[in-house]
Each structure stands twice: as structure tokens, then as C-alpha cells.
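So the structure is just underneath, and the comments pick up after that.
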Amino acid sequence: MLGRLFRLHGLLVASHPWEVIVGTLAVTVCLMSMNSLAASSQVCSWDECPKVAQKSHSSDVIILTITRCMAVVYIYFQLKNLRQLGSKYILGIAGLFMVFSSFVFSTVVIHFFGKELTGLNEALPFFLLLIDLSKACALAKFALSSNSQEEVRENISKGMAILGPTFTLDALVECLVIGVGTMSGVPQLEIMCCFGCMSVLANYFVFMTFFPACVSLVLELSRENLEGRPIWQLSHFAHVLAEEEDNKPNPVTQRVKIIMSLVLALVHAHTRLLAENQGHNRTVEGPVAKRLESGGTMLPLNLTSVDLEQVLTLSLALLLAVKYVFFEQAEAESSLSLKSPISSSPPTQKPLGAANCCRRDIPPQQQQRKIANGTLATDPAFTACSGSIPSPEADSAFREGADAASAGGVSSAGESLDLTPRVPQVTPHAGRGGGDPEPRTLEECVAVLSDPERGPRFLSDEEVMNLVRSRNILNYKLEAVLDSPERGVAIRRELLAPRLPVDSALARLPYKHYDYSKVMGTCCENVIGYMPVPVGVAGPLLLDDGQFHVPLATTEGCLVASTNRGCRAISLSGGCRSRILADGMTRGPVVRLPSACRAAEVKAWLETSDGFGAIKEAFDETSRFARLEKLLVSLAGRNLYIRFQSQTGDAMGMNMLSKGAEQALQRLQQRYPDTEVLAVSGNFCTDKKPAAVNWILGRGKSAVCEATIPGKVVREVLKSSTAALVELNINKNLVGSAVAGSVGGFNAHAANIVAAIFIACGQDPAQTVGSSNCITQMEAAGPEGEDLYISCSMPSIELGTVGGGTNLPPQQACLQMLGVQGTSSQQPGENARQLARLVCATVLAGELSLMAALAAGHLVKSHMTHNR
């Protein structure tokens, strides 16, 4: 409720910036006008104020000097942090309006209410220490993360909803804490604390009204009208909403602040009541009365005499200012471009001059005319305007779907802004300080590449390609070397295209807008793009009293529709039931002994409890999930084939088994030094090949699923009869597969369903070979034999829900559809086992529908209709 209120307030302020700014300034002017009427001889006026005629102790001078230096250093670091954000907008708006406006409002309000400002000289350092620009900076980042003026208003309202409640509570706590000083009885301290409280309130008032209105107005005046995208958008603000949402304060801390605020409020109320009862006879006397009798200026700064503490404070301020302006300028400018501050620019781009350096739409006719005249984007006017050559990765932030390229944007302050990198362009180098568009020499490029201060981001794509051709950059390392995977993919495509039979072969293979960081080192090498595959959904599938919508990635027409019909038949029949019979991935290395007799001796030892225990101890040390369960040893001559079997949690587990088997073989060699390891895989696993050992003993998850389909559903939904289905299953799936000598292929099309689910859910498609081992059985059931009992037994489903392709976002989405993404929080391995049940149940649905289509003679007709 409170967040919604602040959101509405932020939307109102951002939508009406002129009204808010004018209204705030009008209130300030009114207060100043009323102050001139309300001024009295006992109150400081703007042009004169009583001077304190008192002796300052040396300890007071030291404390005041330290406080001033702390304030100067604090403001320096505040401005430094703002500068590192990479935009003068934030620095100017946040710094100027928050500090100056708070100071002005505080001074006017205090003066209006009749408070003397004699202690302002001493209070000013404390006021500077109270200024916190982090909230203003965060709100400005919300605005700068927008793509349009409408989004600016929406993001300001979101930022206000997130930051407003916290800032309100912080301001309240600060006022109550500082307000304790107003009850001290020390006149000077009371004045300073009163000024501090009013400064905090003024700071809060400015943040809630004046500041967001100014942000909205400035960004509206600086927006780009041509493509609807603002020139002030920064790439590192792309996820600011999510980051600030994650950085919400701890609720416990907020409750503590609220309780502390209530306690302080009670203390204030109690003290004020006592003071009111005792203060009727008090008169203005003492040091305050003496100060009210003398005249002076508002700010008790004696410019004619410079004290030591003033010299120290001024010197520190000047040193930090010089450091900030001159020595940190290069660092700040380099931080503006996170990816490629100097890179290539398309040769077809219109040169940008000083008058139109912020324009980005360039008519094709003008582009051609400029190229014909020999003028490229390396015009000195362009470099002078931009300050640096923008990255080619930035161009797509302005031209999604357009053919004309753009090199980047320039802010109204003349600074180059690095925009959201989306689509890298392979173009010649441009903008090396002159009009020469030619790439640098190979030696220069190698020097730039080896320079840690510059690196590959200062090289154009053409120069990078030259380095690849000269093998200074290895082709397969492009993504890692360039620090921009998508740019690496684009350059590899450009290098590959001329070598293909058709130069434009890669044009329709997409590569943009893909998170290659999830692919590198995990899923694929030498990447040139990604393959979009249609994903359909079948369901709801009623399995074990739960409903599931199964994603199927396929290009075969009718597959999803047929499977969906099978799911409907199962759901109308009360669902299907499933069980996991076994869970254990296998790896079968091959070792060689000097003789067959020696191999038989080792085999006998491995099959003893002592031998198994020694091997298991070594195997289990390699993983917190893998626990060796079985060893199957087979001998062929002097070769020994050892099949390790172990559960692997929610991972498919091949790497886990390989690591454990390798460690176990080292232990075997310690006992039998004459053992020679030929390979960690000796095809006794067996992986990705048809094998009777997997069909008989199982591999991965062994699952069974069954259902009973009423005769009415068989007739009305499947358009067939129980007798026809049973007869067809015997003659096709059982006898026909036996005639073919099939191993594990006693089914209609289990591989179809397995492959579609595997591709959608990030499994290894090659393991469809073993995972589609299935026997489908059908029987007549029910009192009159009209119902159909169907079961599918699959002994070797090889899958997992973590690792490999399951780390890719689209595949994770499909796993999330099934509720099995990642590691099970309840029991390790349960997500993978549940996925195996779903695979088996979906295979059953596909078998049911296809067999019905074959029995009814509908298969050819449906494929001719939907799959041509």
C-alpha cells in the first residue's frame, strides 16, 4: 500500500515537471518575501546578523577543523562515485539540485521561523556530512535506464516506490536523532541541530518533488525524437530496476528504525512538555542575548583574517578539486564505454558534424552520395563531437530491424555514451584521429592487443580478422579474447562466409540476441549462431495425480498433435501411473593385462567384497553425489571391461562417472601395476549406441508407465477398437521388431517423443539412441474386454536436470514448465527421476495415438494433410 502511494506520487511528479518546479520555486520566493515582513530586531536578517563575541578554545578549533576536512573529503567521494557512473546528467542534477536546493530551502525556512544563523559557519560542515546523494543517484539511474520519455516517467515512479519508503524512514530517524541536540540546553548546539533537522527535511522535500521533476524535464529536453530512443541511455543501467529491487533494505532493520523513531518521538514529546511548563519565566539572556545586541553579517566568515583551520580546509578542498578535475578525467571518460570505446564504424554511415552529431537516421541517398565523394565516418568533425569512437556493438540499440548502421550516440554535454550492446557489426576500422580508413599494420594491432590498458576493444573487426588470419588470435578463442561473445561469433561468421559454396549461406542462420556466456566452455565451440526449433506443447498429461504440459521441440508435423490426442485419451481415462525401477548411470573403461590369466586374476579380485570395497572407496571420493553401487566385469582375452554403475543426483552423470572411474582405475593400478588403461570408455557402458547390455541391465533411469483406457474413449477419441489395437501391437511392435532383429525397439515411435523432449529440455540428443529403448504392451481389459490396458517399459532413459544444455535459458524454461528445473530441494535426484517418469508417460501417449491412427488407417491421410 505504501509503495503504491509513493509510486503514484512519483508518476505525478515525473508527469508534470514544470508545475512541480515552478511550484517549488514559488514556495521558496514566498517564504523569502514573508521573511522580510516577519523580520525583527531580535532575529538575524539577510544583510546583518549578531556576531558572537566569545573566545574560541584551541580544542574547539581543532574539532571544527577536523569536521570541515571530513566534510570536504566526504563530498569529494560523493562526487567521485557519481562521476564513475559515467554520465554528467547524474553528476549535475544530483549534485547541484540536492546540495544547493537543500541549503537554500533550509536557510529560508530557518530564517522564516525566526532562528538565528550565527552558527552557520560552524554548522555548514555538519550539514555537508548530512548530504547523501546515493538515493538521488539511484533514482537518476532508474530514469536513465529508460528507452522513451513514457518509460522515464514509469521508471521514476518505480524508483520512487522502491526508494521512497526507505528514504522517508531514514529522514525521520535522522531528524529525531539530530533533534536530541536541540534539548541539550547549549544554545549554539541547539541552533546547529535545528539547522541540521531543517536541512534533512529540506533534503527530503527536494528529493520527493524538485529532484525527480528536474530529472524528468532534463531527460525530456535531451531525448532523441527520430527513433524514439534517448541519447542518454547507458548500457550499464540496463538491469537497474532488478538491481535496486534486490537491494531493498532488510525488513528487520526497517522495523528497528521504526521502533527507534517511536521511542525518540516519545522522548521529544516528554522533553518539550517539561520545557513548556518550566519555560514561561525564561528570558533571552546570556550569550544569546549578547549576540542579539550586536550586528554582523549572515555568514560569520571574516574574510579579512584567515585562520589556520580555514587555510587547511581551503587547501584540502583545492587539492581534491584539482585531483578530481584533472587527474580523474581520463579514468572517468574511459568508464563511459564498458565494451568498446574505440571500434569500427560502418562505411555506409553519414559523417556526423558538430551541428548534427546527435542525429542517427541517415537517408540511403545521402549515404551513397557521401561515399561517392569519398567521405567516411572518420570525419574529424565527428571525432571532435563524440570525444571517442563508439563501439560497433552499440549500434543496434538504435536500429532494431533497420538496414542502416549507427556508430553510437553523443550526449548534449558532448560526452560519448556507450549504449546497450546488442548486435555487433563486422566493419572496417574507423576514427583513428584522422581520415585514414585503412586498418593498422599487423605489428600495431599486436601491440594494441597485448596492451592491458587497451586490448581488443580498441581494435576494429577488420583488424581482429587480420589477427585471426595471422594466428595471433586463435579462431576458437575469439569469444574469450574479445570479451564480447557475440562480436566473436560475428567475426567468425565473416571469416567463414567466403569459404562456403554460397557466400550468403549464413544469412538466415541467426546469431544475434543470444546469451553466449552460457554456451562458452559448456555446450558448443566455434559457434556461428543458434538453431531455432519450433516447440509445441502436449497436454495436459495426467500422471500420478498431477497435470503436466509437455514441451516438444520438433519439425515433424502431426507429432505434437498426435501426442496431444494421446494425452487427452489418458486424462479422460483417469490418468496413468508410473514407477522408477532403477537409477544408475554407467561407465565402462577397458584395461589390458599382460595375459588372459592375469586378467582373470584381476577380475576375480574385483568381484570380491575386498576388491569392490577398495574400488568403491576411491570412486566415492570424487563426488558428493556419486556412490558406486555395482561393478560388472567382463573379460575378452587379456582385455578387461569394467562397468561402473552409480547414482548421480539430478545430473545425467557421464562426467561424474568418468571422473570416478578414472580415480578407481588408479587405485587398481596401485594393486596391479601391470594394468594398462586403454580408455576410460571401452563401449561397455554403453553410451550413444544400441546395446543389449543397456536393454537388459538398464542405464540411467529405468521407468515403467501404465494406463487403462475405457472402451468408450478408445472408440470416440482414438477412433479405433481395443481388439484392433491389441492385434496391431502384437504383429507390429513385437513380432515385426523381432523379425528385424531389433534391440530395445519393440515400440511404434518412442524415439520421436524422446528426441522432442530431449531437444526442448536441454538433454543430449545423441542419447536418444539408448533412451528410446522401449517395449509397448497392449492387452484387452475390463469385464467385457472392451477396455485397453497399455504399458511402456523403458530401461535406459539417460537424462538430467542440471549441467550441459539444461543451463541454457530456453531449455531451462521448458524444464520449469514441467517443474523439474535444477536440483531437487527435497531429495537429490528426484527432479531427474520425475523427468524420466514424464518421458515414459509421454511416450505412452504417443504410442497410444499413433497405434490408433495406424489401426484406423489415418496415418497417411493426416501426414498428407499436415506434414507436406
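Letters for chains follow the order of the C-alpha cells (A, B, ...), residue numbers begin at 1 for each chain, and ligand numbers begin at 1 in the order shown.
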Please build the interface table for region 682-707 of chain A against region 568-572 of chain A with a cut-off of 12 Å, listing for each qualifying residue the nearest atom pair and the distance in Å to one decimal; count only C-alpha atoms, order rows by chain and increasing number, and write it as a Markdown table.
```
| residue | atom | partner | partner_atom | distance |
| --- | --- | --- | --- | --- |
| A:Cys705 | CA | A:Ile570 | CA | 11.6 |
| A:Glu706 | CA | A:Ile570 | CA | 9.9 |
| A:Ala707 | CA | A:Ile570 | CA | 7.1 |
```
May I have the selected residues written with all heavy atoms, as a compact mmCIF listing (two decimals), in the first residue's frame?
```txt
# COMPACT_ATOMS: atom_id res chain seq x y z
N CYS A 705 5.43 -47.23 -17.14
CA CYS A 705 4.22 -46.42 -17.05
C CYS A 705 3.07 -47.24 -17.61
O CYS A 705 3.23 -47.99 -18.60
CB CYS A 705 4.39 -45.12 -17.84
SG CYS A 705 3.05 -43.94 -17.64
N GLU A 706 1.88 -47.10 -17.02
CA GLU A 706 0.73 -47.89 -17.45
C GLU A 706 -0.54 -47.06 -17.36
O GLU A 706 -0.61 -46.07 -16.61
CB GLU A 706 0.58 -49.14 -16.57
CG GLU A 706 0.32 -48.82 -15.10
CD GLU A 706 0.17 -50.06 -14.24
OE1 GLU A 706 0.24 -51.17 -14.79
OE2 GLU A 706 -0.01 -49.91 -13.01
N ALA A 707 -1.54 -47.47 -18.13
CA ALA A 707 -2.84 -46.80 -18.10
C ALA A 707 -3.88 -47.78 -18.64
O ALA A 707 -3.57 -48.69 -19.43
CB ALA A 707 -2.82 -45.53 -18.94
```
- Item | Shell of 7 Å around region 760-776 of chain A, only C-alpha atoms, local chain residues under 4 positions omitted, as a PyMOL selection string | chain A and resi 535+551-553+688-690+695+744-747+750-751+754-756+791-799+805-806+811-812+814-815
- Query: Which residue gives the smallest distance to Met465 (chain A) among A:Arg487, A:Arg837, A:Arg627, A:Leu593, with only C-alpha atoms counted?
  - Reply: A:Arg487
- Message: I want to know what sits within 10 Å of Ala599 (chain A), based on only C-alpha atoms, with residues of the same chain fewer than 2 positions away left out; could you give that as a PyMOL selection string?
- Response: chain A and resi 591-597+601-605+634-641+675
- Which neighbours of Leu718 (chain A) fall inside 7 Å, counting only C-alpha atoms, when residues of the same chain fewer than 3 positions from it are skipped, and could you give them as a PyMOL selection string? chain A and resi 713-715+849+852
